[in-house]
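target11.cif (mmCIF, C-alpha atoms)
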data_model
loop_
_atom_site.label_atom_id
_atom_site.label_comp_id
_atom_site.auth_asym_id
_atom_site.auth_seq_id
_atom_site.Cartn_x
_atom_site.Cartn_y
_atom_site.Cartn_z
CA MET A 26 15.15 17.76 6.61
CA SER A 27 16.00 15.68 3.59
CA LEU A 28 18.11 13.26 5.66
CA TYR A 29 14.72 11.93 6.67
CA TYR A 30 13.86 11.16 3.03
CA VAL A 31 17.26 9.62 2.29
CA GLN A 32 16.67 7.24 5.18
CA LYS A 33 13.07 6.62 4.14
CA LEU A 34 14.10 5.60 0.64
CA LEU A 35 16.87 3.30 1.90
CA TYR A 36 14.51 1.81 4.51
CA GLN A 37 12.00 1.00 1.79
CA LEU A 38 14.65 -0.38 -0.57
CA ASN A 39 15.92 -2.62 2.22
CA ARG A 40 12.56 -4.17 3.04
CA ASP A 41 10.45 -4.05 -0.10
CA PRO A 42 11.24 -6.00 -3.30
CA ILE A 43 8.75 -3.85 -5.25
CA VAL A 44 10.65 -0.68 -4.38
CA ARG A 45 13.87 -2.44 -5.41
CA LYS A 46 12.33 -3.28 -8.79
CA ARG A 47 11.30 0.33 -9.29
CA PHE A 48 14.80 1.48 -8.31
CA ALA A 49 16.19 -0.73 -11.07
CA ALA A 50 13.56 -0.04 -13.74
CA ASP A 51 12.07 3.42 -13.02
CA ARG A 52 14.73 5.11 -10.96
CA ASP A 53 13.97 8.71 -11.92
CA GLU A 54 10.30 8.29 -11.20
CA LEU A 55 10.98 6.62 -7.85
CA LEU A 56 13.57 9.15 -6.68
CA GLY A 57 11.26 11.97 -7.76
CA GLU A 58 8.88 10.92 -4.98
CA TYR A 59 11.46 11.81 -2.31
CA SER A 60 12.74 15.24 -1.35
CA LEU A 61 16.46 14.83 -2.05
CA THR A 62 19.33 17.24 -2.68
CA ASP A 63 21.59 16.57 -5.66
CA GLU A 64 24.33 15.37 -3.29
CA GLU A 65 21.95 12.94 -1.60
CA ARG A 66 20.63 11.64 -4.89
CA THR A 67 24.13 11.07 -6.25
CA ALA A 68 25.25 9.34 -3.04
CA ILE A 69 22.29 6.95 -3.26
CA GLU A 70 22.79 6.25 -6.98
CA ASP A 71 26.51 5.65 -6.48
CA GLY A 72 25.99 3.48 -3.38
CA ASP A 73 28.41 5.86 -1.59
CA ILE A 74 28.21 4.30 1.87
CA GLY A 75 30.90 6.62 3.27
CA LEU A 76 29.08 9.81 2.30
CA LEU A 77 25.69 8.44 3.36
CA TYR A 78 27.21 7.65 6.77
CA VAL A 79 28.60 11.17 7.07
CA MET A 80 25.22 12.62 6.10
CA GLY A 81 23.85 10.88 9.19
CA VAL A 82 21.94 7.90 7.82
CA ASN A 83 21.24 5.55 10.74
CA GLY A 84 23.81 2.77 10.64
CA GLN A 85 21.24 0.02 10.90
CA ILE A 86 19.58 1.26 7.73
CA LEU A 87 22.95 1.77 6.07
CA MET A 88 24.29 -1.66 7.10
CA HIS A 89 21.32 -3.39 5.50
CA TYR A 90 21.71 -1.24 2.40
CA SER A 91 25.40 -2.13 2.19
CA ALA A 92 24.44 -5.80 2.28
CA LEU A 93 21.78 -5.20 -0.36
CA ILE A 94 24.30 -3.72 -2.79
CA GLY A 95 26.63 -6.64 -2.13
CA GLN A 96 29.45 -5.11 -0.11
CA GLU A 97 31.72 -7.38 1.89
CA TRP A 98 31.99 -6.59 5.61
CA ASP A 99 35.47 -5.07 5.52
CA GLU A 100 34.59 -3.03 2.44
CA TYR A 101 31.58 -1.65 4.28
CA ILE A 102 33.50 -0.72 7.46
CA ASN A 103 36.30 0.83 5.41
CA ALA A 104 33.79 2.81 3.34
CA MET A 105 32.48 4.49 6.49
CA LYS A 106 36.01 5.26 7.70
CA GLN A 107 36.94 6.64 4.29
CA GLY A 108 33.76 8.70 4.26
CA VAL A 109 34.77 10.39 7.50
CA ALA A 110 38.31 10.91 6.18
CA ASP A 111 37.01 12.45 2.94
CA HIS A 112 34.02 14.44 4.15
CA GLY A 113 34.61 15.09 7.85
CA ALA A 114 32.54 14.33 10.91
CA VAL A 115 28.99 13.01 10.79
CA ARG A 116 26.68 15.93 10.01
CA GLY A 117 23.34 14.85 11.41
CA GLY A 118 21.40 12.21 13.28
CA LEU A 119 22.22 10.05 16.30
CA TYR A 120 25.91 9.57 15.54
CA THR A 121 26.75 13.24 16.02
CA LEU A 122 26.40 12.45 19.73
CA LEU A 123 29.01 9.67 19.74
CA GLU A 124 32.52 10.39 20.93
CA ASP A 125 35.27 10.54 18.35
CA ARG A 126 37.09 7.33 19.28
CA ASP A 127 39.90 7.89 16.81
CA GLY A 128 40.87 11.02 18.77
CA MET B 178 -1.14 -21.72 32.19
CA SER B 179 1.32 -18.82 32.34
CA LEU B 180 4.88 -17.82 31.65
CA VAL B 181 6.98 -21.00 31.71
CA PHE B 182 10.39 -19.78 30.50
CA ALA B 183 12.40 -16.55 30.31
CA GLY B 184 15.79 -15.87 28.81
CA VAL B 185 17.93 -13.44 26.87
CA CYS B 186 20.48 -13.74 24.10
CA SER B 187 22.42 -11.61 21.66
CA HIS B 188 21.17 -11.12 18.11
CA ALA B 189 24.00 -9.44 16.20
CA PRO B 190 24.02 -10.33 12.49
CA GLY B 191 27.68 -11.31 12.61
CA ILE B 192 26.80 -14.25 14.89
CA THR B 193 25.58 -16.08 11.80
CA GLY B 194 26.81 -13.92 8.94
CA ARG B 195 30.47 -13.71 9.95
CA ALA B 196 30.70 -17.03 11.79
CA LYS B 197 33.74 -18.16 9.82
CA ARG B 198 35.75 -15.11 10.88
CA ALA B 199 35.44 -15.61 14.64
CA ASP B 200 37.87 -17.45 16.90
CA PRO B 201 36.38 -20.96 16.60
CA VAL B 202 37.00 -21.84 20.25
CA VAL B 203 35.05 -18.88 21.63
CA ARG B 204 32.45 -19.04 18.88
CA ASP B 205 31.71 -22.72 19.44
CA ALA B 206 31.49 -22.23 23.21
CA PHE B 207 28.94 -19.47 22.55
CA TYR B 208 26.97 -21.63 20.12
CA ALA B 209 26.98 -24.50 22.65
CA ARG B 210 25.35 -22.26 25.24
CA LEU B 211 22.77 -21.07 22.73
CA HIS B 212 21.95 -24.71 22.05
CA GLU B 213 21.68 -25.27 25.79
CA LEU B 214 19.23 -22.38 26.00
CA ARG B 215 17.23 -24.08 23.22
CA GLU B 216 17.19 -27.35 25.16
CA ARG B 217 15.98 -25.56 28.27
CA LEU B 218 13.34 -23.74 26.23
CA GLU B 219 12.13 -27.02 24.74
CA ALA B 220 12.08 -28.67 28.18
CA ALA B 221 9.64 -25.99 29.33
CA LYS B 222 7.24 -27.25 26.61
CA PRO B 223 6.00 -23.84 25.49
CA ASP B 224 3.05 -23.39 23.15
CA VAL B 225 4.38 -20.06 21.93
CA LEU B 226 7.51 -17.89 22.13
CA VAL B 227 7.14 -14.18 22.83
CA ILE B 228 10.35 -12.61 21.55
CA VAL B 229 11.15 -9.07 22.68
CA ALA B 230 13.50 -7.55 20.17
CA ALA B 231 15.00 -4.24 19.19
CA GLU B 232 14.38 -4.22 15.46
CA HIS B 233 16.45 -2.25 13.02
CA PHE B 234 14.11 -0.41 10.64
CA ALA B 235 12.60 -3.52 9.11
CA ASN B 236 9.01 -2.46 9.86
CA PHE B 237 9.01 0.76 11.81
CA PHE B 238 10.30 4.09 10.60
CA MET B 239 10.36 7.66 11.81
CA ASN B 240 7.09 8.42 10.04
CA ASN B 241 5.23 6.56 12.80
CA MET B 242 7.57 5.00 15.37
CA PRO B 243 5.91 3.04 18.16
CA ALA B 244 7.68 2.89 21.52
CA TYR B 245 6.24 -0.63 21.89
CA CYS B 246 4.56 -2.87 19.36
CA MET B 247 3.38 -6.49 19.39
CA GLY B 248 2.75 -8.67 16.36
CA LEU B 249 -0.81 -9.75 15.71
CA ALA B 250 -0.45 -12.14 12.78
CA ASP B 251 -0.62 -15.87 12.10
CA GLU B 252 2.60 -15.80 10.12
CA TYR B 253 5.66 -13.66 9.62
CA GLU B 254 8.54 -13.74 7.19
CA GLY B 255 12.24 -13.06 7.43
CA PRO B 256 14.97 -12.16 7.22
CA ILE B 257 14.65 -8.93 5.25
CA GLU B 258 18.42 -8.87 4.85
CA ASP B 259 20.37 -10.44 2.03
CA GLU B 260 20.28 -14.16 2.78
CA ASP B 261 23.95 -14.78 2.09
CA TRP B 262 25.02 -11.75 4.13
CA LEU B 263 23.12 -13.05 7.18
CA ALA B 264 23.63 -16.74 6.31
CA ILE B 265 19.98 -17.43 7.12
CA ARG B 266 17.52 -18.50 4.43
CA ARG B 267 14.30 -16.52 4.02
CA THR B 268 11.38 -18.38 5.52
CA VAL B 269 7.88 -18.13 6.92
CA VAL B 270 7.64 -18.21 10.73
CA PRO B 271 4.33 -19.24 12.32
CA GLY B 272 2.57 -16.78 14.64
CA ASN B 273 -0.45 -16.97 16.92
CA ALA B 274 -2.82 -14.07 16.30
CA GLY B 275 -5.48 -15.31 18.69
CA LEU B 276 -3.19 -15.45 21.69
CA ALA B 277 -1.48 -12.20 20.69
CA ARG B 278 -4.86 -10.48 20.61
CA ARG B 279 -5.66 -11.68 24.13
CA ILE B 280 -2.26 -10.60 25.48
CA ILE B 281 -2.48 -7.18 23.82
CA THR B 282 -6.03 -6.69 25.07
CA GLY B 283 -4.93 -7.59 28.58
CA MET B 284 -1.91 -5.30 28.47
CA LEU B 285 -3.86 -2.29 27.21
CA ALA B 286 -5.60 -2.09 30.57
CA ASP B 287 -2.29 -1.06 32.10
CA ILE B 288 0.07 0.22 29.40
CA ASP B 289 -0.18 1.55 25.85
CA LEU B 290 1.27 -0.48 23.01
CA SER B 291 0.59 -0.66 19.31
CA TYR B 292 0.05 -3.79 17.26
CA ALA B 293 0.98 -4.89 13.75
CA GLU B 294 -0.77 -7.48 11.60
CA GLU B 295 2.15 -7.40 9.19
CA TRP B 296 5.76 -7.77 10.27
CA LYS B 297 8.99 -8.73 8.56
CA PHE B 298 11.73 -10.07 10.81
CA ASP B 299 15.29 -8.79 10.62
CA HIS B 300 18.41 -10.21 12.25
CA GLY B 301 17.16 -9.07 15.66
CA ILE B 302 14.65 -11.93 15.65
CA MET B 303 16.00 -14.25 12.95
CA VAL B 304 19.42 -14.80 14.56
CA PRO B 305 17.91 -15.91 17.91
CA LEU B 306 15.31 -18.10 16.12
CA ASN B 307 18.09 -19.68 14.06
CA PHE B 308 19.44 -21.12 17.31
CA LEU B 309 16.36 -21.41 19.53
CA THR B 310 13.72 -22.70 17.10
CA PRO B 311 15.81 -23.81 14.13
CA ARG B 312 12.94 -25.74 12.54
CA TYR B 313 10.62 -22.72 12.88
CA ASP B 314 8.02 -25.00 14.40
CA LEU B 315 7.21 -22.97 17.53
CA PRO B 316 4.73 -20.12 16.97
CA VAL B 317 6.26 -16.72 17.68
CA ILE B 318 4.73 -13.47 18.91
CA PRO B 319 7.16 -10.63 18.16
CA VAL B 320 7.45 -7.56 20.36
CA ASN B 321 9.48 -4.53 19.44
CA VAL B 322 10.86 -1.92 21.80
CA ASN B 323 12.18 1.08 19.90
CA CYS B 324 15.88 1.17 20.77
CA GLN B 325 17.16 2.67 17.50
CA GLY B 326 15.49 5.99 16.85
CA PRO B 327 15.34 8.40 19.81
CA PRO B 328 13.27 9.67 21.55
CA LEU B 329 13.09 6.30 23.30
CA THR B 330 10.94 4.84 26.03
CA THR B 331 12.55 5.15 29.48
CA LEU B 332 14.21 2.21 31.23
CA GLU B 333 11.61 2.46 33.98
CA ARG B 334 8.87 2.02 31.40
CA ALA B 335 10.70 -0.87 29.72
CA TYR B 336 10.75 -2.68 33.08
CA GLU B 337 7.09 -1.83 33.67
CA PHE B 338 6.26 -3.13 30.19
CA GLY B 339 7.72 -6.47 31.29
CA ARG B 340 5.62 -6.52 34.45
CA VAL B 341 2.46 -5.83 32.46
CA LEU B 342 3.40 -8.42 29.83
CA ARG B 343 3.85 -10.98 32.59
CA ARG B 344 0.44 -10.29 34.10
CA ALA B 345 -1.21 -10.62 30.69
CA CYS B 346 0.65 -13.88 29.98
CA ASP B 347 -0.27 -15.35 33.35
CA ALA B 348 -3.95 -14.81 32.55
CA GLN B 349 -3.76 -17.07 29.47
CA PRO B 350 -4.23 -20.86 29.34
CA GLU B 351 -1.23 -21.40 27.03
CA ARG B 352 2.33 -22.14 28.13
CA ILE B 353 4.30 -19.03 27.13
CA ALA B 354 8.05 -18.62 26.76
CA LEU B 355 9.73 -15.22 26.73
CA VAL B 356 13.09 -14.35 25.19
CA GLY B 357 14.61 -10.89 25.05
CA THR B 358 17.27 -10.16 22.46
CA GLY B 359 19.67 -7.27 22.23
CA GLY B 360 23.20 -6.12 22.65
CA ILE B 361 24.73 -4.70 25.78
CA SER B 362 27.60 -2.30 25.04
CA HIS B 363 28.33 -2.05 21.35
CA TRP B 364 28.78 0.41 18.54
CA PRO B 365 27.21 -1.54 15.68
CA ALA B 366 27.02 -0.23 12.14
CA THR B 367 29.60 2.50 12.74
CA PRO B 368 33.35 2.68 12.07
CA ASP B 369 33.74 1.60 15.72
CA SER B 370 31.99 -1.73 15.12
CA GLY B 371 33.77 -4.32 17.24
CA VAL B 372 34.38 -2.02 20.22
CA ILE B 373 32.97 -3.64 23.37
CA ASN B 374 33.07 -2.30 26.96
CA GLU B 375 33.43 -5.57 28.84
CA ALA B 376 33.57 -3.98 32.31
CA TRP B 377 30.30 -2.13 31.65
CA ASP B 378 28.72 -5.29 30.28
CA ARG B 379 29.68 -7.34 33.30
CA GLN B 380 28.32 -4.73 35.69
CA PHE B 381 25.06 -4.59 33.74
CA LEU B 382 24.77 -8.39 33.66
CA ASP B 383 25.33 -8.57 37.43
CA ARG B 384 22.45 -6.14 37.92
CA PHE B 385 20.31 -8.05 35.41
CA ILE B 386 20.95 -11.58 36.68
CA ASN B 387 20.20 -10.47 40.23
CA ASN B 388 17.23 -8.44 39.00
CA ARG B 389 18.13 -5.32 40.95
CA ARG B 390 15.51 -3.02 39.47
CA ALA B 391 16.74 0.21 41.04
CA GLU B 392 20.21 -0.30 39.56
CA LEU B 393 18.86 -1.48 36.22
CA ILE B 394 16.78 1.64 35.68
CA ALA B 395 19.49 3.98 36.98
CA TYR B 396 21.39 4.37 33.70
CA THR B 397 20.74 7.64 31.89
CA ASP B 398 20.78 7.56 28.10
CA GLU B 399 23.69 10.01 28.14
CA GLU B 400 25.71 7.59 30.27
CA THR B 401 24.71 4.63 28.14
CA LEU B 402 25.68 6.41 24.92
CA ARG B 403 29.05 7.38 26.40
CA ASP B 404 29.92 4.03 28.00
CA ALA B 405 28.00 1.50 25.92
CA GLY B 406 27.43 3.19 22.57
CA GLN B 407 24.15 3.70 20.77
CA GLY B 408 23.84 -0.10 20.69
CA GLY B 409 23.61 0.02 24.49
CA PHE B 410 20.11 1.45 24.16
CA GLU B 411 19.06 -2.15 23.45
CA ILE B 412 19.31 -2.96 27.18
CA ARG B 413 15.61 -2.08 27.13
CA THR B 414 14.85 -5.62 25.92
CA PHE B 415 16.74 -7.03 28.92
CA LEU B 416 14.82 -4.73 31.24
CA THR B 417 11.52 -5.98 29.87
CA VAL B 418 12.58 -9.58 30.64
CA ALA B 419 13.69 -8.46 34.12
CA GLY B 420 10.32 -6.82 34.66
CA ALA B 421 8.54 -9.99 33.54
CA THR B 422 10.57 -12.00 36.07
CA GLU B 423 10.54 -9.47 38.91
CA GLY B 424 11.45 -11.09 42.20
CA ALA B 425 13.43 -13.85 40.51
CA THR B 426 17.10 -14.08 39.65
CA GLY B 427 18.84 -15.78 36.79
CA GLU B 428 21.81 -17.69 35.51
CA LEU B 429 24.42 -16.32 33.15
CA LEU B 430 25.20 -19.16 30.75
CA PHE B 431 27.69 -17.27 28.59
CA TYR B 432 29.36 -13.93 28.17
CA ALA B 433 32.39 -13.13 26.04
CA PRO B 434 33.29 -10.23 23.77
CA ILE B 435 33.56 -11.44 20.17
CA PRO B 436 34.65 -8.35 18.23
CA ILE B 437 33.93 -9.69 14.73
CA PHE B 438 30.35 -10.28 15.95
CA ALA B 439 30.42 -6.63 17.13
CA VAL B 440 28.97 -7.40 20.56
CA GLY B 441 29.65 -9.04 23.90
CA CYS B 442 27.88 -12.32 23.22
CA THR B 443 25.43 -13.18 25.97
CA VAL B 444 23.16 -16.09 26.90
CA ALA B 445 21.18 -16.12 30.14
CA GLN B 446 18.10 -17.65 31.66
CA MET B 447 15.90 -16.05 34.30
CA ALA B 448 13.92 -18.10 36.77
CA VAL B 449 10.14 -17.95 36.46
CA GLN B 450 8.33 -17.97 39.79
#
As structure tokens - that is how I would like this structure written.
Amino acid sequence: MSLYYVQKLLYQLNRDPIVRKRFAADRDELLGEYSLTDEERTAIEDGDIGLLYVMGVNGQILMHYSALIGQEWDEYINAMKQGVADHGAVRGGLYTLLEDRDG
Amino acid sequence: MSLVFAGVCSHAPGITGRAKRADPVVRDAFYARLHELRERLEAAKPDVLVIVAAEHFANFFMNNMPAYCMGLADEYEGPIEDEDWLAIRRTVVPGNAGLARRIITGMLADIDLSYAEEWKFDHGIMVPLNFLTPRYDLPVIPVNVNCQGPPLTTLERAYEFGRVLRRACDAQPERIALVGTGGISHWPATPDSGVINEAWDRQFLDRFINNRRAELIAYTDEETLRDAGQGGFEIRTFLTVAGATEGATGELLFYAPIPIFAVGCTVAQMAVQ
């Protein structure tokens, strides 16, 4: 169930400057408030868009987070493609229902 | 007065944020039609714009996701996104809490919706406003239909929501404009961003412009996901506008796939009878 909390944290980072300040200044305390696996925590701290996509983070949340951390558009699209290449198919969420268009 | 204007347009963030990367001929033709929609909106002399959008986790999350929500505030702010990424400066947008309260109260007699006295706009509203009310001088009442996080409201209910919205608007003394914003087929925010099913889009737009309710509500979500991507769920905003203009048809001002904008870019006006 922790995909829910990964998305909740990113959702709050995207929309709330106060949460962004805490992420910068009190990261351990902030992340401690969410139920996250070590892999999820590392992916968030590293801004690993590819792995977060594969975990199943909703793309609308992830796209805004990518913009927040300053990725260019092509870098963002390529990060998702590389994530699938490195980690395999999307594991959870809505995108598990999409067809594999790369065959 | 009553409803005095109804239209739809696309809202994809690339429309503003990646403007420089699009084919300038197609892009400028699209922008010209958006400006035409603005001129038609202004000619209707509305007191307020009700904008039916499919927001993208700017306000609503899976801890408490409303199927339908209307804004009940005197001002809003947006965009939540990075300003340079969206190429829209953060601003305050005027609302109209008094009118929103009357519309919501009227609608609750026939359909359930939630309300929000606090609301931050994302690209789903800010991109249309950037073209339709670029001075942010027309009060806005935002409406959200959950199109992002299933389970979703049915298409039949989205159409019915439009009917009920229309009745509530027609009971008010103000002149009310309605704009729905969403994508048709698209796979936004995935590695398949830029894929567009033009044939599906054109069939949908034919059904929409001619307001053929039975055909509009006939899509199953499984079919939409397969043929139009998860972004296709946003047709709910179009169905609400169709419901609000039931019995009338419309005019397609523009449609063209613009892959770098990640959507088939659409501008249309529906007649208001």
Return as number ranges by chain the residues belonging to chain A that are within 7 Å of chain B, counting all atoms listed in the file.
A: 36, 40, 84-86, 88-89, 92-93, 102, 105-106, 123
Just-selected residues, C-alpha atoms written as an mmCIF file, in the coordinates of the input:
data_model
loop_
_atom_site.group_PDB
_atom_site.id
_atom_site.type_symbol
_atom_site.label_atom_id
_atom_site.label_comp_id
_atom_site.auth_asym_id
_atom_site.auth_seq_id
_atom_site.Cartn_x
_atom_site.Cartn_y
_atom_site.Cartn_z
ATOM 1 C CA TYR A 36 14.510 1.810 4.510
ATOM 2 C CA ARG A 40 12.560 -4.170 3.040
ATOM 3 C CA GLY A 84 23.810 2.770 10.640
ATOM 4 C CA GLN A 85 21.240 0.020 10.900
ATOM 5 C CA ILE A 86 19.580 1.260 7.730
ATOM 6 C CA MET A 88 24.290 -1.660 7.100
ATOM 7 C CA HIS A 89 21.320 -3.390 5.500
ATOM 8 C CA ALA A 92 24.440 -5.800 2.280
ATOM 9 C CA LEU A 93 21.780 -5.200 -0.360
ATOM 10 C CA ILE A 102 33.500 -0.720 7.460
ATOM 11 C CA MET A 105 32.480 4.490 6.490
ATOM 12 C CA LYS A 106 36.010 5.260 7.700
ATOM 13 C CA LEU A 123 29.010 9.670 19.740
#
Computed gap from CA of Tyr245 in chain B to CA of Leu28 in chain A is 24.4 Å
Of A:Ala104, A:Arg47, A:Tyr59, A:Lys33, the one nearest to Asn241 in chain B when counting only C-alpha atoms is A:Lys33
Can you pull out every residue within 10 Å of range 61-63 of chain A, counting only C-alpha atoms, but drop anything in the same chain fewer than 6 positions away, and send it as a PDB file with C-alpha atoms, in the frame of the given file?
ATOM      1  CA  MET A  26      15.150  17.760   6.610  1.00  0.00           C
ATOM      2  CA  SER A  27      16.000  15.680   3.590  1.00  0.00           C
ATOM      3  CA  LEU A  28      18.110  13.260   5.660  1.00  0.00           C
ATOM      4  CA  TYR A  29      14.720  11.930   6.670  1.00  0.00           C
ATOM      5  CA  TYR A  30      13.860  11.160   3.030  1.00  0.00           C
ATOM      6  CA  VAL A  31      17.260   9.620   2.290  1.00  0.00           C
ATOM      7  CA  LEU A  34      14.100   5.600   0.640  1.00  0.00           C
ATOM      8  CA  ILE A  69      22.290   6.950  -3.260  1.00  0.00           C
TER       9      ILE A  69
END
_Around (37.7, -10.9, 7.0), as given in the file, which residues come within 10 Å? Count only C-alpha atoms and list them as a ChimeraX atom specification._
/A:97-100 /B:195,197-199,437
Store the residues of this selection in a file with C-alpha atoms, as a PDB file, in the coordinates of the input.
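Just written: result_39.pdb:
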ATOM      1  CA  GLU A  97      31.720  -7.380   1.890  1.00  0.00           C
ATOM      2  CA  TRP A  98      31.990  -6.590   5.610  1.00  0.00           C
ATOM      3  CA  ASP A  99      35.470  -5.070   5.520  1.00  0.00           C
ATOM      4  CA  GLU A 100      34.590  -3.030   2.440  1.00  0.00           C
TER       5      GLU A 100
ATOM      6  CA  ARG B 195      30.470 -13.710   9.950  1.00  0.00           C
ATOM      7  CA  LYS B 197      33.740 -18.160   9.820  1.00  0.00           C
ATOM      8  CA  ARG B 198      35.750 -15.110  10.880  1.00  0.00           C
ATOM      9  CA  ALA B 199      35.440 -15.610  14.640  1.00  0.00           C
ATOM     10  CA  ILE B 437      33.930  -9.690  14.730  1.00  0.00           C
TER      11      ILE B 437
END
Nearby residues (only C-alpha atoms) at most 7 Å from Ser362 in chain B, same-chain spacing under 4 positions excluded, as a PyMOL selection string:
chain B and resi 373-374+378+405-406+408-409+440
Tell me, as a PyMOL selection string, which residues lie within 10 Å of range 300-307 of chain B, counting only C-alpha atoms; anything in the same chain fewer than 6 positions away does not count. chain B and resi 185-194+211+215+226+228-233+235+254-258+263-268+270+313+315+317+319-321+356-360
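Between CA of Gln380 in chain B and CA of Phe182 in chain B the separation is 24.0 Å.
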When you look at Glu333 in chain B with a cut-off of 10 Å (counting all atoms listed in the file), what residues show up, excluding the ones that are within fewer than 5 positions of it in the same chain? I need them as a count of residues only.
11
Ser91 in chain A surroundings by all atoms listed in the file, 8 Å radius, close-in-sequence under 4 positions cut, as a PDB file with C-alpha atoms, in the coordinates of the input:
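Once everything was written out, this is selection.pdb:
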ATOM      1  CA  GLY A  72      25.990   3.480  -3.380  1.00  0.00           C
ATOM      2  CA  ILE A  74      28.210   4.300   1.870  1.00  0.00           C
ATOM      3  CA  LEU A  87      22.950   1.770   6.070  1.00  0.00           C
ATOM      4  CA  GLY A  95      26.630  -6.640  -2.130  1.00  0.00           C
ATOM      5  CA  GLN A  96      29.450  -5.110  -0.110  1.00  0.00           C
ATOM      6  CA  TYR A 101      31.580  -1.650   4.280  1.00  0.00           C
TER       7      TYR A 101
END
**Study point:** Exercise: residues within 7 Å of coordinate (9.9, 1.6, 21.2), counting all atoms listed in the file, as a PyMOL selection string
**Key:** chain B and resi 243-245+321-324+329-330
Write the selection just made, keeping C-alpha atoms, as a compact mmCIF listing (two decimals), in the coordinates of the input?
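Done, and the output landed in selection-v4.txt:
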# COMPACT_ATOMS: atom_id res chain seq x y z
CA PRO B 243 5.91 3.04 18.16
CA ALA B 244 7.68 2.89 21.52
CA TYR B 245 6.24 -0.63 21.89
CA ASN B 321 9.48 -4.53 19.44
CA VAL B 322 10.86 -1.92 21.80
CA ASN B 323 12.18 1.08 19.90
CA CYS B 324 15.88 1.17 20.77
CA LEU B 329 13.09 6.30 23.30
CA THR B 330 10.94 4.84 26.03
Between CA of Ala335 in chain B and CA of Ala274 in chain B, what is the spacing in Å?
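Rounded to one decimal, the two atoms are 23.2 Å apart.
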